[in-house]
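Text of coords.cif, listed as mmCIF, C-alpha atoms:
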```cif
data_upload
#
loop_
_atom_site.group_PDB
_atom_site.id
_atom_site.type_symbol
_atom_site.label_atom_id
_atom_site.label_comp_id
_atom_site.auth_asym_id
_atom_site.auth_seq_id
_atom_site.Cartn_x
_atom_site.Cartn_y
_atom_site.Cartn_z
ATOM 1 C CA MET C 197 -31.729 22.821 -30.416
ATOM 2 C CA PRO C 198 -34.703 20.893 -28.932
ATOM 3 C CA LYS C 199 -36.845 21.886 -31.923
ATOM 4 C CA VAL C 200 -34.226 20.563 -34.357
ATOM 5 C CA VAL C 201 -33.972 17.259 -32.523
ATOM 6 C CA ASP C 202 -37.763 16.991 -32.448
ATOM 7 C CA ALA C 203 -37.939 17.633 -36.199
ATOM 8 C CA GLN C 204 -35.318 14.993 -36.906
ATOM 9 C CA GLU C 205 -37.127 12.493 -34.737
ATOM 10 C CA ARG C 206 -40.472 13.268 -36.389
ATOM 11 C CA ARG C 207 -38.987 12.811 -39.838
ATOM 12 C CA GLY C 208 -37.568 9.491 -38.671
ATOM 13 C CA VAL C 209 -41.006 8.374 -37.463
ATOM 14 C CA VAL C 210 -42.502 9.183 -40.871
ATOM 15 C CA ILE C 211 -39.714 7.410 -42.758
ATOM 16 C CA ASP C 212 -40.058 4.319 -40.556
ATOM 17 C CA ALA C 213 -43.798 4.288 -41.270
ATOM 18 C CA PHE C 214 -43.042 4.549 -44.988
ATOM 19 C CA PHE C 215 -40.701 1.549 -44.802
ATOM 20 C CA ARG C 216 -43.336 -0.526 -43.009
ATOM 21 C CA LEU C 217 -46.044 0.308 -45.532
ATOM 22 C CA VAL C 218 -43.818 -0.470 -48.491
ATOM 23 C CA ARG C 219 -42.736 -3.754 -46.914
ATOM 24 C CA ASP C 220 -46.239 -4.901 -45.993
ATOM 25 C CA HIS C 221 -48.417 -3.455 -48.757
ATOM 26 C CA GLY C 222 -46.181 -2.299 -51.606
ATOM 27 C CA VAL C 223 -44.980 1.099 -52.688
ATOM 28 C CA GLU C 224 -48.304 1.904 -54.372
ATOM 29 C CA ARG C 225 -50.001 2.007 -50.941
ATOM 30 C CA ALA C 226 -47.414 4.312 -49.397
ATOM 31 C CA SER C 227 -49.177 7.583 -50.135
ATOM 32 C CA LEU C 228 -48.600 10.554 -47.859
ATOM 33 C CA ARG C 229 -52.022 10.055 -46.300
ATOM 34 C CA ASN C 230 -51.454 6.359 -45.641
ATOM 35 C CA VAL C 231 -48.002 7.084 -44.262
ATOM 36 C CA ALA C 232 -49.525 9.703 -41.950
ATOM 37 C CA ASP C 233 -52.049 7.136 -40.695
ATOM 38 C CA GLU C 234 -49.297 4.541 -40.188
ATOM 39 C CA ALA C 235 -47.199 7.073 -38.280
ATOM 40 C CA GLU C 236 -50.270 8.176 -36.260
ATOM 41 C CA LEU C 237 -49.849 11.762 -37.437
ATOM 42 C CA ASN C 238 -52.141 14.093 -39.320
ATOM 43 C CA ILE C 239 -51.442 14.691 -42.994
ATOM 44 C CA GLY C 240 -50.477 18.312 -42.294
ATOM 45 C CA SER C 241 -47.658 17.181 -40.031
ATOM 46 C CA VAL C 242 -46.293 14.899 -42.731
ATOM 47 C CA ARG C 243 -46.519 17.622 -45.371
ATOM 48 C CA HIS C 244 -44.630 19.943 -43.038
ATOM 49 C CA TYR C 245 -41.582 17.691 -43.414
ATOM 50 C CA PHE C 246 -42.142 16.247 -46.893
ATOM 51 C CA ALA C 247 -43.607 18.308 -49.709
ATOM 52 C CA ASP C 248 -44.820 15.351 -51.745
ATOM 53 C CA TYR C 249 -44.390 11.629 -52.331
ATOM 54 C CA ASP C 250 -41.119 11.954 -54.235
ATOM 55 C CA ASP C 251 -39.674 14.153 -51.491
ATOM 56 C CA LEU C 252 -40.512 11.413 -48.980
ATOM 57 C CA LEU C 253 -39.113 8.704 -51.257
ATOM 58 C CA THR C 254 -35.888 10.674 -51.673
ATOM 59 C CA ALA C 255 -35.556 11.058 -47.900
ATOM 60 C CA ALA C 256 -36.288 7.357 -47.434
ATOM 61 C CA GLY C 257 -33.611 6.530 -49.978
ATOM 62 C CA GLU C 258 -31.057 8.671 -48.168
ATOM 63 C CA ALA C 259 -32.014 7.021 -44.874
ATOM 64 C CA LEU C 260 -31.699 3.625 -46.524
ATOM 65 C CA VAL C 261 -28.182 4.391 -47.745
ATOM 66 C CA GLN C 262 -27.159 5.604 -44.292
ATOM 67 C CA ARG C 263 -28.626 2.615 -42.450
ATOM 68 C CA ILE C 264 -26.945 0.080 -44.690
ATOM 69 C CA THR C 265 -23.673 2.010 -44.634
ATOM 70 C CA ASP C 266 -23.659 2.102 -40.835
ATOM 71 C CA ARG C 267 -24.177 -1.654 -40.614
ATOM 72 C CA LEU C 268 -21.544 -2.397 -43.232
ATOM 73 C CA LEU C 269 -18.974 -0.272 -41.426
ATOM 74 C CA GLU C 270 -19.512 -2.432 -38.356
ATOM 75 C CA HIS C 271 -18.601 -5.504 -40.411
ATOM 76 C CA LEU C 272 -15.723 -3.888 -42.283
ATOM 77 C CA ASP C 273 -13.417 -3.747 -39.290
ATOM 78 C CA ARG C 274 -13.832 -7.511 -38.925
ATOM 79 C CA LEU C 275 -12.649 -8.271 -42.474
ATOM 80 C CA PRO C 276 -9.422 -10.266 -42.006
ATOM 81 C CA PRO C 277 -6.338 -10.411 -44.260
ATOM 82 C CA PRO C 278 -6.098 -12.853 -47.203
ATOM 83 C CA GLY C 279 -4.506 -15.592 -45.119
ATOM 84 C CA ASP C 280 -7.609 -16.092 -42.973
ATOM 85 C CA ARG C 281 -9.817 -17.751 -45.573
ATOM 86 C CA ALA C 282 -12.569 -18.895 -43.200
ATOM 87 C CA GLY C 283 -12.782 -15.548 -41.457
ATOM 88 C CA ARG C 284 -12.752 -13.664 -44.746
ATOM 89 C CA TYR C 285 -15.548 -15.851 -46.099
ATOM 90 C CA GLN C 286 -17.811 -15.377 -43.073
ATOM 91 C CA VAL C 287 -17.423 -11.600 -42.916
ATOM 92 C CA ALA C 288 -18.025 -11.356 -46.673
ATOM 93 C CA LEU C 289 -21.235 -13.339 -46.220
ATOM 94 C CA ASP C 290 -22.363 -11.117 -43.359
ATOM 95 C CA MET C 291 -21.721 -7.953 -45.369
ATOM 96 C CA LEU C 292 -23.448 -9.094 -48.539
ATOM 97 C CA GLU C 293 -26.451 -10.368 -46.589
ATOM 98 C CA GLU C 294 -27.082 -6.779 -45.481
ATOM 99 C CA LEU C 295 -28.120 -6.073 -49.092
ATOM 100 C CA LEU C 296 -30.683 -8.884 -49.340
ATOM 101 C CA PRO C 297 -34.307 -9.335 -48.141
ATOM 102 C CA LEU C 298 -33.559 -11.942 -45.485
ATOM 103 C CA ASP C 299 -35.795 -10.600 -42.686
ATOM 104 C CA GLU C 300 -38.557 -8.019 -42.257
ATOM 105 C CA ARG C 301 -36.177 -5.096 -41.806
ATOM 106 C CA ARG C 302 -34.112 -5.872 -44.886
ATOM 107 C CA LEU C 303 -37.208 -6.796 -46.892
ATOM 108 C CA GLY C 304 -38.520 -3.292 -46.300
ATOM 109 C CA GLU C 305 -35.202 -1.749 -47.249
ATOM 110 C CA VAL C 306 -34.771 -3.750 -50.441
ATOM 111 C CA THR C 307 -38.380 -3.095 -51.468
ATOM 112 C CA VAL C 308 -37.823 0.647 -51.072
ATOM 113 C CA TRP C 309 -34.544 0.377 -52.971
ATOM 114 C CA LEU C 310 -36.231 -1.362 -55.932
ATOM 115 C CA ALA C 311 -39.032 1.199 -55.937
ATOM 116 C CA MET C 312 -36.456 3.997 -56.008
ATOM 117 C CA VAL C 313 -34.552 2.443 -58.887
ATOM 118 C CA GLU C 314 -37.710 2.210 -60.975
ATOM 119 C CA ARG C 315 -38.982 5.684 -60.157
ATOM 120 C CA ALA C 316 -35.564 7.295 -60.623
ATOM 121 C CA ARG C 317 -35.832 6.657 -64.348
ATOM 122 C CA THR C 318 -38.289 9.569 -64.552
ATOM 123 C CA VAL C 319 -37.605 11.517 -61.324
ATOM 124 C CA PRO C 320 -34.141 13.141 -61.457
ATOM 125 C CA SER C 321 -34.147 14.042 -57.745
ATOM 126 C CA LEU C 322 -33.923 10.342 -56.901
ATOM 127 C CA ARG C 323 -30.863 9.693 -59.035
ATOM 128 C CA PRO C 324 -28.206 10.669 -56.442
ATOM 129 C CA ALA C 325 -29.473 8.220 -53.810
ATOM 130 C CA VAL C 326 -29.903 5.445 -56.383
ATOM 131 C CA GLU C 327 -26.407 5.999 -57.752
ATOM 132 C CA ARG C 328 -24.970 5.985 -54.224
ATOM 133 C CA LEU C 329 -26.537 2.575 -53.679
ATOM 134 C CA PHE C 330 -25.269 1.314 -57.022
ATOM 135 C CA ASP C 331 -21.735 2.598 -56.465
ATOM 136 C CA GLY C 332 -21.701 1.675 -52.794
ATOM 137 C CA THR C 333 -22.630 -1.931 -53.499
ATOM 138 C CA ARG C 334 -19.801 -2.300 -55.973
ATOM 139 C CA THR C 335 -17.319 -0.506 -53.728
ATOM 140 C CA LEU C 336 -18.172 -2.918 -50.932
ATOM 141 C CA ILE C 337 -17.818 -5.966 -53.158
ATOM 142 C CA ARG C 338 -14.573 -4.667 -54.649
ATOM 143 C CA ARG C 339 -13.084 -4.336 -51.151
ATOM 144 C CA ILE C 340 -14.029 -7.944 -50.405
ATOM 145 C CA VAL C 341 -12.569 -9.104 -53.723
ATOM 146 C CA ASP C 342 -9.378 -7.081 -53.293
ATOM 147 C CA ARG C 343 -8.896 -8.419 -49.766
ATOM 148 C CA ALA C 344 -9.244 -11.937 -51.201
ATOM 149 C CA GLY C 345 -6.344 -11.286 -53.577
ATOM 150 C CA VAL C 346 -7.995 -12.918 -56.616
ATOM 151 C CA ASP C 347 -7.366 -12.194 -60.263
ATOM 152 C CA GLN C 348 -9.714 -10.157 -62.516
ATOM 153 C CA PRO C 349 -11.128 -8.197 -59.560
ATOM 154 C CA ALA C 350 -13.260 -5.860 -61.685
ATOM 155 C CA LEU C 351 -14.936 -8.765 -63.470
ATOM 156 C CA ARG C 352 -15.497 -10.680 -60.235
ATOM 157 C CA THR C 353 -16.915 -7.560 -58.599
ATOM 158 C CA GLU C 354 -19.483 -7.053 -61.334
ATOM 159 C CA THR C 355 -20.353 -10.764 -61.364
ATOM 160 C CA ILE C 356 -21.094 -10.779 -57.646
ATOM 161 C CA ALA C 357 -22.978 -7.465 -57.871
ATOM 162 C CA ALA C 358 -25.173 -8.807 -60.683
ATOM 163 C CA VAL C 359 -26.106 -11.854 -58.623
ATOM 164 C CA ILE C 360 -26.822 -9.691 -55.561
ATOM 165 C CA ASP C 361 -29.102 -7.494 -57.676
ATOM 166 C CA GLY C 362 -30.926 -10.545 -59.001
ATOM 167 C CA LEU C 363 -31.339 -12.102 -55.570
ATOM 168 C CA ALA C 364 -32.677 -8.816 -54.198
ATOM 169 C CA PHE C 365 -35.213 -8.417 -57.004
ATOM 170 C CA ASN C 366 -36.424 -12.004 -56.998
ATOM 171 C CA GLY C 367 -36.383 -12.268 -53.220
ATOM 172 C CA VAL C 368 -38.873 -9.387 -53.058
ATOM 173 C CA HIS C 369 -41.071 -10.407 -55.994
ATOM 174 C CA TYR C 370 -41.003 -14.205 -55.601
ATOM 175 C CA PRO C 371 -40.525 -14.815 -51.867
ATOM 176 C CA ASP C 372 -42.248 -18.210 -51.951
ATOM 177 C CA ARG C 373 -39.869 -19.470 -54.620
ATOM 178 C CA LEU C 374 -36.714 -17.709 -53.509
ATOM 179 C CA THR C 375 -36.873 -18.029 -49.742
ATOM 180 C CA PRO C 376 -34.282 -16.514 -47.399
ATOM 181 C CA ARG C 377 -32.836 -20.004 -46.938
ATOM 182 C CA ARG C 378 -32.418 -20.392 -50.684
ATOM 183 C CA VAL C 379 -30.955 -16.908 -51.010
ATOM 184 C CA ARG C 380 -28.292 -17.798 -48.450
ATOM 185 C CA GLN C 381 -27.504 -21.045 -50.291
ATOM 186 C CA VAL C 382 -27.008 -19.177 -53.561
ATOM 187 C CA LEU C 383 -24.878 -16.537 -51.859
ATOM 188 C CA ARG C 384 -22.613 -19.143 -50.261
ATOM 189 C CA HIS C 385 -22.204 -20.926 -53.573
ATOM 190 C CA LEU C 386 -21.400 -17.633 -55.302
ATOM 191 C CA LEU C 387 -18.698 -16.694 -52.829
ATOM 192 C CA THR C 388 -17.196 -20.166 -52.874
ATOM 193 C CA ASP C 389 -17.028 -20.044 -56.647
ATOM 194 C CA GLN C 390 -15.722 -16.478 -56.940
ATOM 195 C CA LEU C 391 -13.354 -16.291 -53.966
ATOM 196 C CA ASP C 392 -12.260 -19.642 -52.565
ATOM 197 C CA ARG C 393 -11.781 -21.490 -55.840
ATOM 198 C CA ALA C 394 -9.914 -18.517 -57.238
ATOM 199 C CA ASP C 395 -7.097 -19.269 -54.814
ATOM 200 C CA ALA C 396 -6.256 -22.344 -56.856
ATOM 201 C CA GLU C 397 -6.160 -20.545 -60.202
ATOM 202 C CA PRO C 398 -2.760 -19.915 -61.804
ATOM 203 C CA ARG C 399 -1.597 -16.309 -61.642
#
```

Could you quickly redo this structure as structure tokens?
Amino acid sequence: MPKVVDAQERRGVVIDAFFRLVRDHGVERASLRNVADEAELNIGSVRHYFADYDDLLTAAGEALVQRITDRLLEHLDRLPPPGDRAGRYQVALDMLEELLPLDERRLGEVTVWLAMVERARTVPSLRPAVERLFDGTRTLIRRIVDRAGVDQPALRTETIAAVIDGLAFNGVHYPDRLTPRRVRQVLRHLLTDQLDRADAEPR
């Protein structure tokens, strides 16, 4: 048992180093050797746990899915019924912000996510993690939309998801133009438009 725990912890150290490198220097700098240096391990130790770069990226993607899922589950229990509009709005904001590059931690996660999406086009082993992120985002948004009790839930879900995807991409690639403050403004406007105003629409 101690050896298993040690292996899990060592893999976690390597994955954390990978996230930091991707966040600070881009995915192109996150080679196994550079990750080993960042993790203060020798390259042989890293290769013991990850056969190659794509193996590490796949593991990072799975860790990313789990980290975001764990945080979202903490918010989910706070999601109130349709009658509590203010509470519903705030929890929805908190949940959707977990998917956006609003601080260093989430910047690293979103950067890894975007790198996975691009590389998954040609690396089949990455597809399951990428699809889990794609489906998980829409499942989350659909739960928020359904709890709001609005019409055309499928269309509203995809509308919100498309904006989230765009904010994530542009927040990583154009951080000086799309600052975290601006991202939050856009997100608030989106939710107001898609959820609150929908209450006044005829059924």

Check your understanding: Could you write out as a ChimeraX atom specification the residues that the PyMOL selection byres ((chain C and resi 260) around 10) matches in the shown file?
Key -> /C:211,215,254-259,261-266,302,304-306,308-309,325,329

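Distances to C:Arg216 were evaluated for C:Leu303, C:Ala247, C:Val242, C:Ala203 using all atoms listed in the file, and the minimum falls at C:Leu303.
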
Point to revise | Neighbours of point (-19.2, -21.2, -44.4) within 12 Å, using all atoms listed in the file, written as a list in words | key: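 Those within range, by chain then number, are Arg281, Ala282, Gly283, Arg284, Tyr285, Gln286, Val287, Ala288, Leu289, Asp290, Arg380, Gln381, Leu383, Arg384, His385, Leu386, Leu387, Thr388 and Asp392 of chain C.
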
Point to revise | d(atom CA of C:Pro376, atom CA of C:Pro297) in Å | key: 7.2 Å

Practice item. Output the residue selection produced by the PyMOL selection byres ((chain C and resi 209) around 12) on the file above, formatted as a PyMOL selection string. Key: chain C and resi 202-208+210-216+231-237+241-242+245+252+256+259

Exercise for review: Give as a PyMOL selection string the residues that the PyMOL selection byres ((chain C and resi 362) around 12) matches when applied to the coordinates above.
Suggested key: chain C and resi 295-297+306+310+355-361+363-370+374+379+382-383

If you keep C-alpha atoms, can you produce a file of those selected residues as an mmCIF file, in the coordinates of the input?
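Result file is out-v8.cif:
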```
data_model
loop_
_atom_site.group_PDB
_atom_site.id
_atom_site.type_symbol
_atom_site.label_atom_id
_atom_site.label_comp_id
_atom_site.auth_asym_id
_atom_site.auth_seq_id
_atom_site.Cartn_x
_atom_site.Cartn_y
_atom_site.Cartn_z
ATOM 1 C CA LEU C 295 -28.120 -6.073 -49.092
ATOM 2 C CA LEU C 296 -30.683 -8.884 -49.340
ATOM 3 C CA PRO C 297 -34.307 -9.335 -48.141
ATOM 4 C CA VAL C 306 -34.771 -3.750 -50.441
ATOM 5 C CA LEU C 310 -36.231 -1.362 -55.932
ATOM 6 C CA THR C 355 -20.353 -10.764 -61.364
ATOM 7 C CA ILE C 356 -21.094 -10.779 -57.646
ATOM 8 C CA ALA C 357 -22.978 -7.465 -57.871
ATOM 9 C CA ALA C 358 -25.173 -8.807 -60.683
ATOM 10 C CA VAL C 359 -26.106 -11.854 -58.623
ATOM 11 C CA ILE C 360 -26.822 -9.691 -55.561
ATOM 12 C CA ASP C 361 -29.102 -7.494 -57.676
ATOM 13 C CA LEU C 363 -31.339 -12.102 -55.570
ATOM 14 C CA ALA C 364 -32.677 -8.816 -54.198
ATOM 15 C CA PHE C 365 -35.213 -8.417 -57.004
ATOM 16 C CA ASN C 366 -36.424 -12.004 -56.998
ATOM 17 C CA GLY C 367 -36.383 -12.268 -53.220
ATOM 18 C CA VAL C 368 -38.873 -9.387 -53.058
ATOM 19 C CA HIS C 369 -41.071 -10.407 -55.994
ATOM 20 C CA TYR C 370 -41.003 -14.205 -55.601
ATOM 21 C CA LEU C 374 -36.714 -17.709 -53.509
ATOM 22 C CA VAL C 379 -30.955 -16.908 -51.010
ATOM 23 C CA VAL C 382 -27.008 -19.177 -53.561
ATOM 24 C CA LEU C 383 -24.878 -16.537 -51.859
#
```

With 6 Å on each side, where is the centre of the axis-aligned box around all listed atoms of stretch 207-211 of chain C, and how long are its edges in Å to one decimal, as lines of an AutoDock Vina configuration file?
```
center_x = -40.0
center_y = 10.1
center_z = -40.1
size_x = 16.9
size_y = 17.4
size_z = 17.3
```

Review point. Restricting the calculation to all atoms listed in the file, which member of C:Asp389, C:Leu217, C:Arg378, C:Gly332 is positioned closest to C:Leu298?
Key: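 Ranking C:Asp389, C:Leu217, C:Arg378, C:Gly332 by distance to C:Leu298, first place goes to C:Arg378.
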
Point to revise | Which residue of C:Asp372, C:Glu354, C:Glu224, C:Glu270 approaches C:Glu294 most closely, using all atoms listed in the file | key: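 Comparing C:Asp372, C:Glu354, C:Glu224, C:Glu270 against C:Glu294, the winner is C:Glu270.
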
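Residue nearest C:Asp273 within the list C:Arg243, C:Leu351, C:Ile340, C:Thr318: C:Ile340 [criterion: smallest interatomic distance, only C-alpha atoms].
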
Review point. Do you have the atom CA of C:His221-atom CA of C:Leu253 distance handy?
Key: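 Pair atom CA of C:His221 / atom CA of C:Leu253 returns 15.5 Å.
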
Practice item. Using atom CA of C:Thr307 and atom CA of C:Val341 as the two end points, give the distance in Å to one decimal. Key: 26.6 Å
